[in-house]
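Data file: input.cif. Format and content: mmCIF, C-alpha atoms.
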data_start
#
loop_
_atom_site.label_atom_id
_atom_site.label_comp_id
_atom_site.auth_asym_id
_atom_site.auth_seq_id
_atom_site.Cartn_x
_atom_site.Cartn_y
_atom_site.Cartn_z
CA MET B 689 13.28 13.72 24.68
CA MET B 690 10.36 14.82 22.53
CA TYR B 691 10.01 16.57 19.20
CA ILE B 692 8.52 19.58 17.51
CA CYS B 693 8.37 20.11 13.75
CA THR B 694 8.18 23.80 12.92
CA SER B 695 7.82 24.62 9.24
CA THR B 696 8.33 27.73 7.19
CA TYR B 697 7.07 28.05 3.63
CA GLY B 698 7.52 30.27 0.65
CA PRO B 699 4.55 31.53 -1.38
CA ALA B 700 1.70 29.05 -1.19
CA LEU B 701 2.17 26.04 -3.48
CA LEU B 702 5.51 27.27 -4.79
CA GLY B 703 8.83 25.56 -4.30
CA THR B 704 9.83 22.99 -1.68
CA PRO B 705 8.97 23.48 1.99
CA VAL B 706 11.84 23.96 4.42
CA THR B 707 11.28 21.94 7.56
CA THR B 708 13.39 22.03 10.70
CA ILE B 709 13.14 19.80 13.75
CA ASP B 710 13.74 21.31 17.18
CA LEU B 711 14.38 18.42 19.56
CA SER B 712 14.10 20.63 22.64
CA GLN B 713 10.40 21.29 22.16
CA ARG B 714 7.37 19.19 23.02
CA TYR B 715 5.43 18.49 19.85
CA PHE B 716 5.44 18.47 16.05
CA THR B 717 2.81 19.11 13.40
CA LEU B 718 1.53 17.56 10.18
CA PRO B 719 1.70 19.38 6.81
CA PRO B 720 -0.43 22.50 6.37
CA ARG B 721 -3.79 22.59 4.60
CA GLU B 722 -2.50 23.14 1.05
CA TYR B 723 -0.71 19.76 1.15
CA TYR B 724 -4.10 18.05 1.29
CA VAL B 725 -6.01 20.06 -1.34
CA SER B 726 -3.50 21.25 -3.95
CA GLY B 727 -3.32 19.60 -7.35
CA GLN B 728 0.16 21.07 -7.82
CA ILE B 729 1.44 19.43 -4.65
CA PHE B 730 -0.25 16.15 -5.62
CA ALA B 731 1.69 16.28 -8.89
CA GLU B 732 4.91 16.91 -6.97
CA GLU B 733 4.16 13.92 -4.74
CA PHE B 734 3.90 11.74 -7.84
CA ASP B 735 7.57 12.36 -8.63
CA LYS B 736 8.97 12.52 -5.11
CA VAL B 737 6.87 10.01 -3.17
CA PHE B 738 4.71 7.74 -5.32
CA SER B 739 7.52 7.12 -7.84
CA ARG B 740 9.99 6.17 -5.10
CA GLN B 741 8.17 3.37 -3.30
CA TRP B 742 7.37 -0.24 -4.02
CA ILE B 743 3.56 -0.53 -4.01
CA TYR B 744 1.73 -3.75 -3.15
CA VAL B 745 -0.64 -4.87 -5.90
CA GLY B 746 -1.65 -8.40 -4.88
CA HIS B 747 -0.66 -12.02 -4.37
CA LYS B 748 0.33 -14.49 -7.06
CA SER B 749 -2.85 -16.48 -6.35
CA GLN B 750 -4.72 -13.56 -7.94
CA PHE B 751 -2.82 -14.30 -11.16
CA PRO B 752 -3.44 -18.05 -11.47
CA GLN B 753 -2.21 -18.61 -15.05
CA ARG B 754 -0.37 -17.15 -17.98
CA GLY B 755 -2.20 -14.06 -19.18
CA SER B 756 -3.91 -13.34 -15.86
CA PHE B 757 -4.03 -9.56 -15.49
CA MET B 758 -5.13 -6.76 -13.20
CA THR B 759 -5.68 -3.07 -13.99
CA LEU B 760 -5.66 -0.29 -11.45
CA ASP B 761 -5.75 3.47 -11.05
CA PHE B 762 -2.83 4.96 -9.18
CA ALA B 763 -2.18 8.66 -8.67
CA GLY B 764 -3.82 9.64 -11.94
CA GLU B 765 -2.23 6.85 -13.98
CA LYS B 766 -3.83 3.71 -15.36
CA LEU B 767 -1.64 0.66 -14.85
CA LEU B 768 -1.67 -2.95 -16.06
CA ILE B 769 -0.06 -5.95 -14.33
CA VAL B 770 0.05 -9.31 -16.13
CA ARG B 771 1.51 -12.76 -15.56
CA GLY B 772 3.71 -14.22 -18.28
CA GLU B 773 5.48 -17.55 -18.35
CA GLU B 774 5.97 -19.34 -15.03
CA ASN B 775 6.37 -16.70 -12.29
CA GLN B 776 7.32 -13.83 -14.61
CA PHE B 777 5.21 -10.71 -14.09
CA TYR B 778 5.10 -7.60 -16.26
CA GLY B 779 3.78 -4.13 -15.60
CA TYR B 780 2.84 -1.32 -17.99
CA PHE B 781 1.17 2.03 -18.20
CA ASN B 782 -2.21 1.03 -19.60
CA VAL B 783 -1.87 3.40 -22.53
CA CYS B 784 -1.81 2.47 -26.21
CA ARG B 785 1.24 3.87 -28.03
CA HIS B 786 -0.98 5.00 -30.90
CA ARG B 787 -3.54 7.40 -29.42
CA GLY B 788 -3.45 6.70 -25.69
CA TYR B 789 -6.60 4.59 -25.32
CA PRO B 790 -6.36 1.94 -22.54
CA VAL B 791 -5.24 -1.33 -24.09
CA CYS B 792 -7.15 -3.24 -21.42
CA GLU B 793 -10.45 -2.03 -19.97
CA ALA B 794 -11.40 -4.96 -17.72
CA GLU B 795 -10.38 -4.87 -14.05
CA THR B 796 -9.24 -8.50 -14.01
CA GLY B 797 -9.26 -11.45 -16.37
CA THR B 798 -7.09 -13.53 -18.66
CA ALA B 799 -5.75 -12.54 -22.08
CA ARG B 800 -3.51 -14.08 -24.73
CA ALA B 801 -2.58 -10.56 -25.88
CA PHE B 802 -3.84 -7.01 -25.39
CA VAL B 803 -5.69 -5.43 -28.30
CA CYS B 804 -6.48 -1.75 -28.04
CA PRO B 805 -10.26 -1.40 -28.64
CA TYR B 806 -9.81 1.90 -30.49
CA HIS B 807 -7.69 0.97 -33.54
CA MET B 808 -6.87 -2.67 -32.80
CA TRP B 809 -3.16 -2.32 -32.16
CA ARG B 810 -2.11 -5.67 -30.68
CA TYR B 811 0.50 -6.10 -27.90
CA GLU B 812 2.10 -9.27 -26.59
CA LEU B 813 2.00 -10.04 -22.85
CA HIS B 814 5.62 -8.93 -22.60
CA GLY B 815 4.67 -5.52 -24.00
CA SER B 816 5.96 -5.63 -27.57
CA LEU B 817 3.79 -4.36 -30.42
CA LYS B 818 2.75 -7.41 -32.46
CA SER B 819 0.49 -6.09 -35.20
CA VAL B 820 -1.13 -2.93 -36.56
CA PRO B 821 -4.08 -3.00 -39.00
CA LYS B 822 -3.03 -2.06 -42.57
CA LEU B 823 0.56 -1.18 -41.54
CA ARG B 824 3.33 -3.76 -41.80
CA ASP B 825 6.31 -3.70 -39.45
CA GLY B 826 8.98 -1.43 -40.97
CA GLU B 827 6.73 -0.03 -43.68
CA PHE B 828 6.42 3.38 -42.02
CA PHE B 829 7.82 2.73 -38.55
CA ASP B 830 9.37 -0.13 -36.60
CA TYR B 831 7.11 -1.99 -34.20
CA GLN B 832 9.97 -2.38 -31.73
CA ASP B 833 9.98 1.37 -31.13
CA TYR B 834 6.43 1.30 -29.79
CA ARG B 835 6.34 -1.14 -26.92
CA LEU B 836 4.02 -0.46 -24.02
CA GLU B 837 5.72 1.79 -21.45
CA LYS B 838 7.06 -0.48 -18.72
CA ILE B 839 6.85 -0.24 -14.95
CA ASN B 840 8.91 -2.37 -12.57
CA VAL B 841 7.26 -5.44 -11.05
CA ALA B 842 8.81 -7.79 -8.50
CA THR B 843 7.65 -10.64 -6.26
CA TRP B 844 8.58 -11.42 -2.67
CA HIS B 845 7.24 -14.55 -0.94
CA GLY B 846 4.39 -14.61 -3.46
CA MET B 847 3.51 -10.96 -2.87
CA ILE B 848 3.57 -8.74 -5.98
CA PHE B 849 4.74 -5.12 -5.92
CA PHE B 850 5.16 -2.49 -8.61
CA HIS B 851 7.42 0.56 -8.79
CA ILE B 852 6.79 3.33 -11.31
CA GLY B 853 10.14 5.06 -10.83
CA ALA B 854 13.40 4.43 -12.63
CA ASP B 855 16.09 2.09 -11.25
CA PRO B 856 14.51 1.25 -7.88
CA ALA B 857 16.34 -0.62 -5.16
CA LEU B 858 15.71 -4.36 -5.41
CA LEU B 859 12.52 -5.31 -3.58
CA SER B 860 14.33 -8.30 -2.05
CA THR B 861 16.95 -5.94 -0.64
CA VAL B 862 14.40 -3.47 0.70
CA LEU B 863 12.50 -6.24 2.53
CA SER B 864 15.48 -8.44 3.42
CA GLY B 865 15.09 -7.71 7.13
CA PHE B 866 11.74 -9.50 7.13
CA ASP B 867 12.74 -12.55 5.09
CA SER B 868 13.13 -15.07 7.89
CA ASP B 869 10.04 -13.97 9.82
CA VAL B 870 7.72 -13.96 6.79
CA ALA B 871 9.23 -17.18 5.40
CA TYR B 872 8.01 -18.97 8.54
CA PHE B 873 4.41 -18.37 7.44
CA GLU B 874 5.05 -19.63 3.86
CA ILE B 875 2.59 -17.13 2.44
CA GLU B 876 3.51 -18.11 -1.10
CA GLY B 877 1.33 -21.14 -0.42
CA THR B 878 -1.80 -19.10 0.35
CA HIS B 879 -4.71 -17.83 -1.71
CA LEU B 880 -7.02 -14.82 -1.71
CA ALA B 881 -10.16 -15.44 0.35
CA HIS B 882 -11.79 -12.02 0.05
CA GLU B 883 -11.14 -8.51 -1.26
CA VAL B 884 -12.80 -5.15 -0.56
CA LYS B 885 -12.15 -1.89 -2.43
CA LEU B 886 -13.41 1.37 -0.94
CA ASP B 887 -13.24 4.85 -2.45
CA LEU B 888 -12.84 7.61 0.12
CA GLU B 889 -13.54 11.31 -0.24
CA ALA B 890 -10.22 12.18 1.36
CA ASN B 891 -6.63 12.95 0.46
CA TRP B 892 -4.36 9.90 0.73
CA LYS B 893 -2.39 11.47 3.59
CA VAL B 894 -5.46 11.72 5.82
CA SER B 895 -5.99 7.98 5.29
CA ALA B 896 -2.31 7.20 5.91
CA GLU B 897 -2.22 9.34 9.04
CA ASN B 898 -5.27 7.59 10.48
CA PHE B 899 -3.71 4.16 10.08
CA ASN B 900 -0.28 5.24 11.34
CA GLU B 901 -1.56 6.08 14.80
CA CYS B 902 -3.74 4.42 17.39
CA TYR B 903 -4.25 7.44 19.63
CA HIS B 904 -7.86 7.37 18.42
CA CYS B 905 -8.33 3.64 18.95
CA PRO B 906 -9.64 3.53 22.56
CA GLY B 907 -12.41 5.97 21.72
CA SER B 908 -13.26 4.65 18.26
CA HIS B 909 -12.40 0.95 17.97
CA PRO B 910 -13.74 -1.10 20.91
CA THR B 911 -13.48 -4.41 19.04
CA PHE B 912 -9.92 -3.76 17.88
CA CYS B 913 -8.83 -2.70 21.38
CA ARG B 914 -10.26 -5.88 22.87
CA VAL B 915 -8.24 -8.00 20.42
CA VAL B 916 -4.97 -6.03 20.11
CA ASP B 917 -2.71 -4.96 22.99
CA VAL B 918 -2.65 -1.30 21.91
CA PRO B 919 -0.37 0.06 24.70
CA ARG B 920 2.26 -2.57 23.89
CA MET B 921 1.95 -1.83 20.17
CA GLN B 922 2.50 1.89 20.81
CA ASN B 923 5.59 1.21 22.94
CA GLU B 924 7.14 -1.11 20.35
CA ALA B 925 6.36 1.25 17.49
CA GLN B 926 8.89 3.76 18.77
CA SER B 927 11.76 1.46 17.76
CA TRP B 928 10.48 0.48 14.32
CA PHE B 929 11.47 3.47 12.21
CA ASN B 930 14.78 3.57 10.34
CA PRO B 931 15.71 7.29 10.31
CA ASP B 932 18.64 6.73 7.93
CA ASP B 933 16.62 5.39 5.02
CA ALA B 934 13.57 7.50 4.22
CA VAL B 935 13.15 6.22 0.67
CA ASN B 936 13.01 2.59 1.76
CA ALA B 937 11.41 3.21 5.13
CA PHE B 938 9.75 -0.13 5.66
CA ILE B 939 9.06 -0.49 9.34
CA GLY B 940 7.72 -3.32 11.40
CA GLY B 941 8.22 -5.45 14.47
CA ASN B 942 8.51 -9.13 15.22
CA THR B 943 5.13 -9.03 16.93
CA GLY B 944 3.27 -6.92 14.36
CA MET B 945 0.06 -5.89 16.14
CA PRO B 946 0.51 -7.76 19.46
CA LEU B 947 -2.58 -9.66 20.49
CA THR B 948 -4.31 -9.55 23.85
CA GLY B 949 -3.08 -12.29 26.17
CA GLY B 950 -4.79 -15.59 25.40
CA TRP B 951 -5.70 -14.59 21.83
CA GLN B 952 -4.44 -17.05 19.20
CA THR B 953 -5.15 -14.96 16.11
CA LEU B 954 -6.84 -11.75 14.95
CA SER B 955 -10.35 -12.96 15.72
CA ALA B 956 -13.24 -11.50 17.69
CA ASP B 957 -13.14 -14.26 20.35
CA GLY B 958 -9.42 -15.12 20.29
CA ASN B 959 -9.97 -18.56 18.77
CA LEU B 960 -8.43 -19.73 15.51
CA ILE B 961 -10.38 -18.79 12.38
CA SER B 962 -9.00 -21.42 10.02
CA GLY B 963 -8.19 -25.03 10.77
CA LYS B 964 -5.31 -24.85 8.27
CA LEU B 965 -2.28 -23.21 9.90
CA LEU B 966 0.16 -21.35 7.67
CA GLY B 967 3.64 -22.63 6.88
CA ALA B 968 5.58 -23.90 9.86
CA CYS B 969 3.13 -22.49 12.42
CA THR B 970 2.16 -24.79 15.28
CA SER B 971 -0.41 -24.93 18.06
CA GLU B 972 2.33 -23.64 20.36
CA ASP B 973 2.69 -20.58 18.13
CA ALA B 974 -1.05 -20.06 18.29
CA ALA B 975 -1.01 -20.30 22.08
CA VAL B 976 1.31 -17.28 22.31
CA GLY B 977 -0.46 -15.31 19.55
CA LEU B 978 2.49 -15.34 17.12
CA ASN B 979 2.24 -12.67 14.44
CA VAL B 980 4.44 -10.45 12.28
CA GLY B 981 3.73 -7.09 10.69
CA ILE B 982 5.22 -5.03 7.86
CA ASN B 983 4.42 -1.35 7.44
CA LEU B 984 5.41 0.95 4.56
CA LEU B 985 5.62 4.74 4.79
CA PRO B 986 4.61 7.30 3.77
CA ASN B 987 2.15 5.88 1.19
CA TYR B 988 0.54 3.43 3.56
CA PHE B 989 0.78 -0.34 3.27
CA TYR B 990 0.40 -2.85 6.07
CA ALA B 991 0.48 -6.64 6.06
CA GLY B 992 -0.24 -8.69 9.17
CA PHE B 993 0.66 -12.38 9.33
CA TYR B 994 -1.02 -14.72 11.83
CA VAL B 995 -0.82 -18.45 12.38
CA ASP B 996 -3.95 -19.19 10.34
CA HIS B 997 -4.33 -16.28 7.90
CA TRP B 998 -2.85 -12.99 6.79
CA TRP B 999 -4.28 -9.74 5.51
CA ALA B 1000 -3.00 -6.72 3.62
CA GLN B 1001 -4.19 -3.14 3.46
CA SER B 1002 -3.15 -0.61 0.79
CA ILE B 1003 -3.95 3.02 0.10
CA PHE B 1004 -3.92 4.15 -3.52
CA PRO B 1005 -3.87 7.92 -4.14
CA ILE B 1006 -6.42 8.82 -6.82
CA SER B 1007 -6.56 12.64 -6.80
CA PRO B 1008 -5.90 15.41 -4.27
CA SER B 1009 -9.33 14.79 -2.74
CA ARG B 1010 -9.81 11.04 -3.29
CA SER B 1011 -8.07 7.84 -2.27
CA ARG B 1012 -8.85 4.14 -2.50
CA MET B 1013 -8.41 1.61 0.28
CA VAL B 1014 -7.98 -2.03 -0.64
CA PHE B 1015 -8.24 -4.81 1.95
CA ARG B 1016 -7.37 -8.42 1.19
CA TRP B 1017 -7.53 -11.54 3.36
CA TYR B 1018 -5.59 -14.73 2.59
CA VAL B 1019 -5.73 -18.31 3.89
CA ARG B 1020 -3.69 -21.42 3.18
CA GLU B 1021 -4.04 -22.55 -0.42
CA ASP B 1022 -5.89 -25.75 0.56
CA ALA B 1023 -8.26 -24.03 3.02
CA VAL B 1024 -11.87 -24.19 1.82
CA GLU B 1025 -14.55 -21.69 2.85
CA ASP B 1026 -17.30 -23.11 5.11
CA ARG B 1027 -15.24 -26.23 5.71
CA ASP B 1028 -11.96 -24.89 7.12
CA TYR B 1029 -12.99 -21.32 7.90
CA ILE B 1030 -16.06 -19.06 8.02
CA LEU B 1031 -15.59 -15.93 5.93
CA GLU B 1032 -17.53 -13.74 8.37
CA ASP B 1033 -15.14 -14.74 11.16
CA LEU B 1034 -12.13 -14.01 8.95
CA LEU B 1035 -13.33 -10.48 8.20
CA ARG B 1036 -15.02 -9.47 11.45
CA VAL B 1037 -12.27 -7.62 13.37
CA THR B 1038 -10.67 -5.90 10.40
CA GLN B 1039 -13.96 -5.08 8.70
CA THR B 1040 -15.48 -3.64 11.86
CA THR B 1041 -12.42 -1.46 12.33
CA TYR B 1042 -12.14 -0.11 8.79
CA LEU B 1043 -15.84 0.77 8.67
CA GLU B 1044 -15.32 2.84 11.80
CA ASP B 1045 -12.21 4.38 10.21
CA ILE B 1046 -13.97 5.45 7.01
CA ALA B 1047 -16.21 7.87 8.87
CA LEU B 1048 -13.24 9.25 10.81
CA ILE B 1049 -11.15 9.78 7.68
CA GLU B 1050 -13.83 11.43 5.55
CA LYS B 1051 -15.02 13.74 8.32
CA THR B 1052 -11.44 14.70 9.13
CA TYR B 1053 -10.87 15.64 5.50
CA GLN B 1054 -13.98 17.79 5.53
CA GLY B 1055 -12.37 19.71 8.38
CA VAL B 1056 -8.98 19.90 6.68
CA MET B 1057 -10.63 21.51 3.64
CA SER B 1058 -11.86 24.37 5.81
CA ARG B 1059 -10.08 27.65 5.11
CA LYS B 1060 -9.64 28.00 8.86
CA TYR B 1061 -7.86 24.67 9.30
CA SER B 1062 -4.26 24.62 10.52
CA PRO B 1063 -2.46 21.52 11.84
CA GLY B 1064 -2.51 21.05 15.59
CA PRO B 1065 0.14 19.65 17.94
CA ILE B 1066 1.09 15.96 17.72
CA VAL B 1067 2.86 14.46 20.76
CA ALA B 1068 5.26 11.65 19.97
CA LYS B 1069 4.52 9.55 23.06
CA ASN B 1070 0.88 9.26 21.98
CA GLU B 1071 1.46 8.95 18.22
CA PRO B 1072 5.00 7.62 17.67
CA LEU B 1073 4.48 6.41 14.09
CA MET B 1074 3.14 9.80 13.09
CA TYR B 1075 6.61 11.23 13.63
CA SER B 1076 8.06 8.48 11.45
CA TYR B 1077 5.45 9.19 8.80
CA VAL B 1078 5.85 12.97 8.68
CA SER B 1079 9.67 12.78 8.85
CA THR B 1080 9.73 10.36 5.93
CA TYR B 1081 7.29 12.46 3.94
CA TRP B 1082 9.27 15.70 4.37
CA SER B 1083 12.53 13.93 3.56
CA MET B 1084 11.14 12.50 0.32
CA MET B 1085 9.62 15.84 -0.62
CA GLY B 1086 13.03 17.45 -0.25
CA ALA B 1087 12.83 19.06 3.18
CA SER B 1088 15.74 18.97 5.60
CA LYS B 1089 16.42 15.60 7.20
CA ARG B 1090 15.57 15.15 10.85
CA SER B 1091 18.11 14.47 13.54
CA ASN B 1092 19.12 10.85 14.08
CA SER B 1093 18.62 11.24 17.83
CA LYS B 1094 16.20 8.85 19.54
CA TRP B 1095 13.37 9.97 21.77
#
Output the structure of this file as structure tokens.
Amino acid sequence: MMYICTSTYGPALLGTPVTTIDLSQRYFTLPPREYYVSGQIFAEEFDKVFSRQWIYVGHKSQFPQRGSFMTLDFAGEKLLIVRGEENQFYGYFNVCRHRGYPVCEAETGTARAFVCPYHMWRYELHGSLKSVPKLRDGEFFDYQDYRLEKINVATWHGMIFFHIGADPALLSTVLSGFDSDVAYFEIEGTHLAHEVKLDLEANWKVSAENFNECYHCPGSHPTFCRVVDVPRMQNEAQSWFNPDDAVNAFIGGNTGMPLTGGWQTLSADGNLISGKLLGACTSEDAAVGLNVGINLLPNYFYAGFYVDHWWAQSIFPISPSRSRMVFRWYVREDAVEDRDYILEDLLRVTQTTYLEDIALIEKTYQGVMSRKYSPGPIVAKNEPLMYSYVSTYWSMMGASKRSNSKW
């Protein structure tokens, strides 16, 4: 059985859309044009989508010591992530409690404390206000009342996530279904080999939609389609989505992006990239192309784990018309570039694919901005994850929940 998503709306940009799913029909559609261009809807997404997901920020190897920090822009907010004692991580809105100036302006680095450059208010790594020029604690106000505003930060197998909403579900609970598979690769014992950040002139949903389907792959990604068994991936994707848990809709399969027969890893020629295998992985695992994938909807995150490396891709909403893609590649912590792996080989398949995707995403958004644009039919057998994506999005935005029936 196949699906159609027919939507009715009140006055443009006002209220919550009402979405119904008619299982007797043949197709569904993506959100209408205003959901990709409206600042008001982007603000609504902040509360209903962005504030209800765990967002991947990096690996603990990117925070090598106490005071290691990272700043980032996310959906109009400036955020700060910092490592404290041992494996304790803290997250804050990067906003001084005095006048709002960012307390940290560098993208990465190491600090013993954060001193706002404007009026020199000093904050400890754990967020408490330590000192204020010419004003003693308790003289006019209590320092304890002016801590940096906190965001939730949690780690899972060395991966670091943040959550800007209140009282989120435990990250370990959300990802518990993947514990045993990911543990096999022992990714906590890996380190960042390379990172690329790309700003796109496109709404975040256009980026997410592109990466949640491979209908376009045969015509656009010849390298990817030579390496990955796309038909098998499409068939398996239909069983990944959990329709009963839209807020924590992590999806994935034991085979991640299944490799072409004979391929050992995600490489252009099928051969291993790094001589240092991850975790408990063996040559027998390599022979069958063992890999695992985790996908997060609707704000897109994907991590793919292979016998000799893993990579992660994130989309960060910036504004209604801009998004940022971040790609990171990781190898075993004792793997050394040019001795154990060649960086160009590590990047080749993924880099080739995302460069092809950038043009597709930005040109699609140019079309979506047209006053004559309206969403066309999406057929579930060709784009199964798109149904998962749009169902999750409407559910989080407050639209009616889809049927639990399977196609």
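With all atoms listed in the file as the basis for measurement, B:Ile852 is the residue among B:Leu985, B:Ile852, B:Cys804, B:Val916 that approaches Phe734 of chain B most closely.
Shortest separation to Thr970 of chain B among B:His909, B:Asp917, B:Phe828, B:Phe873 occurs at residue B:Phe873, atoms counted being all atoms listed in the file.
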Selection in question (the file shown): the PyMOL selection byres ((chain B and resi 809) around 12). Which residues does it include, as a PyMOL selection string?
chain B and resi 783-792+801-808+810-812+815-824+831+834-836
So that each row is one residue of segment 823-917 of chain B with an atom at most 6 Å from segment 1020-1039 of chain B, can you give its shortest atom pair and the distance in Å to one decimal, using all atoms listed in the file, rows by chain and rising number, as a tab-separated table?
residue	atom	partner	partner_atom	distance
B:Gly877	CA	B:Glu1021	CA	5.6
B:Thr878	CA	B:Arg1020	CA	4.1
B:His879	CA	B:Glu1021	CA	4.9
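Residue nearest Ile982 of chain B, chosen from B:Glu897, B:Met1013, B:Phe866, B:Leu1043 and counting all atoms listed in the file: B:Phe866.
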Expected answer as a PDB file with C-alpha atoms, in the coordinates of the input: all residues with atoms within 10 Å of (5.0, -15.1, 14.9), all atoms listed in the file:
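Contents of out22.pdb, freshly written:
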ATOM      1  CA  ASP B 869      10.040 -13.970   9.820  1.00  0.00           C
ATOM      2  CA  VAL B 870       7.720 -13.960   6.790  1.00  0.00           C
ATOM      3  CA  TYR B 872       8.010 -18.970   8.540  1.00  0.00           C
ATOM      4  CA  PHE B 873       4.410 -18.370   7.440  1.00  0.00           C
ATOM      5  CA  ASN B 942       8.510  -9.130  15.220  1.00  0.00           C
ATOM      6  CA  THR B 943       5.130  -9.030  16.930  1.00  0.00           C
ATOM      7  CA  GLY B 944       3.270  -6.920  14.360  1.00  0.00           C
ATOM      8  CA  PRO B 946       0.510  -7.760  19.460  1.00  0.00           C
ATOM      9  CA  CYS B 969       3.130 -22.490  12.420  1.00  0.00           C
ATOM     10  CA  ASP B 973       2.690 -20.580  18.130  1.00  0.00           C
ATOM     11  CA  ALA B 974      -1.050 -20.060  18.290  1.00  0.00           C
ATOM     12  CA  VAL B 976       1.310 -17.280  22.310  1.00  0.00           C
ATOM     13  CA  GLY B 977      -0.460 -15.310  19.550  1.00  0.00           C
ATOM     14  CA  LEU B 978       2.490 -15.340  17.120  1.00  0.00           C
ATOM     15  CA  ASN B 979       2.240 -12.670  14.440  1.00  0.00           C
ATOM     16  CA  VAL B 980       4.440 -10.450  12.280  1.00  0.00           C
ATOM     17  CA  GLY B 981       3.730  -7.090  10.690  1.00  0.00           C
ATOM     18  CA  PHE B 993       0.660 -12.380   9.330  1.00  0.00           C
ATOM     19  CA  TYR B 994      -1.020 -14.720  11.830  1.00  0.00           C
ATOM     20  CA  VAL B 995      -0.820 -18.450  12.380  1.00  0.00           C
TER      21      VAL B 995
END
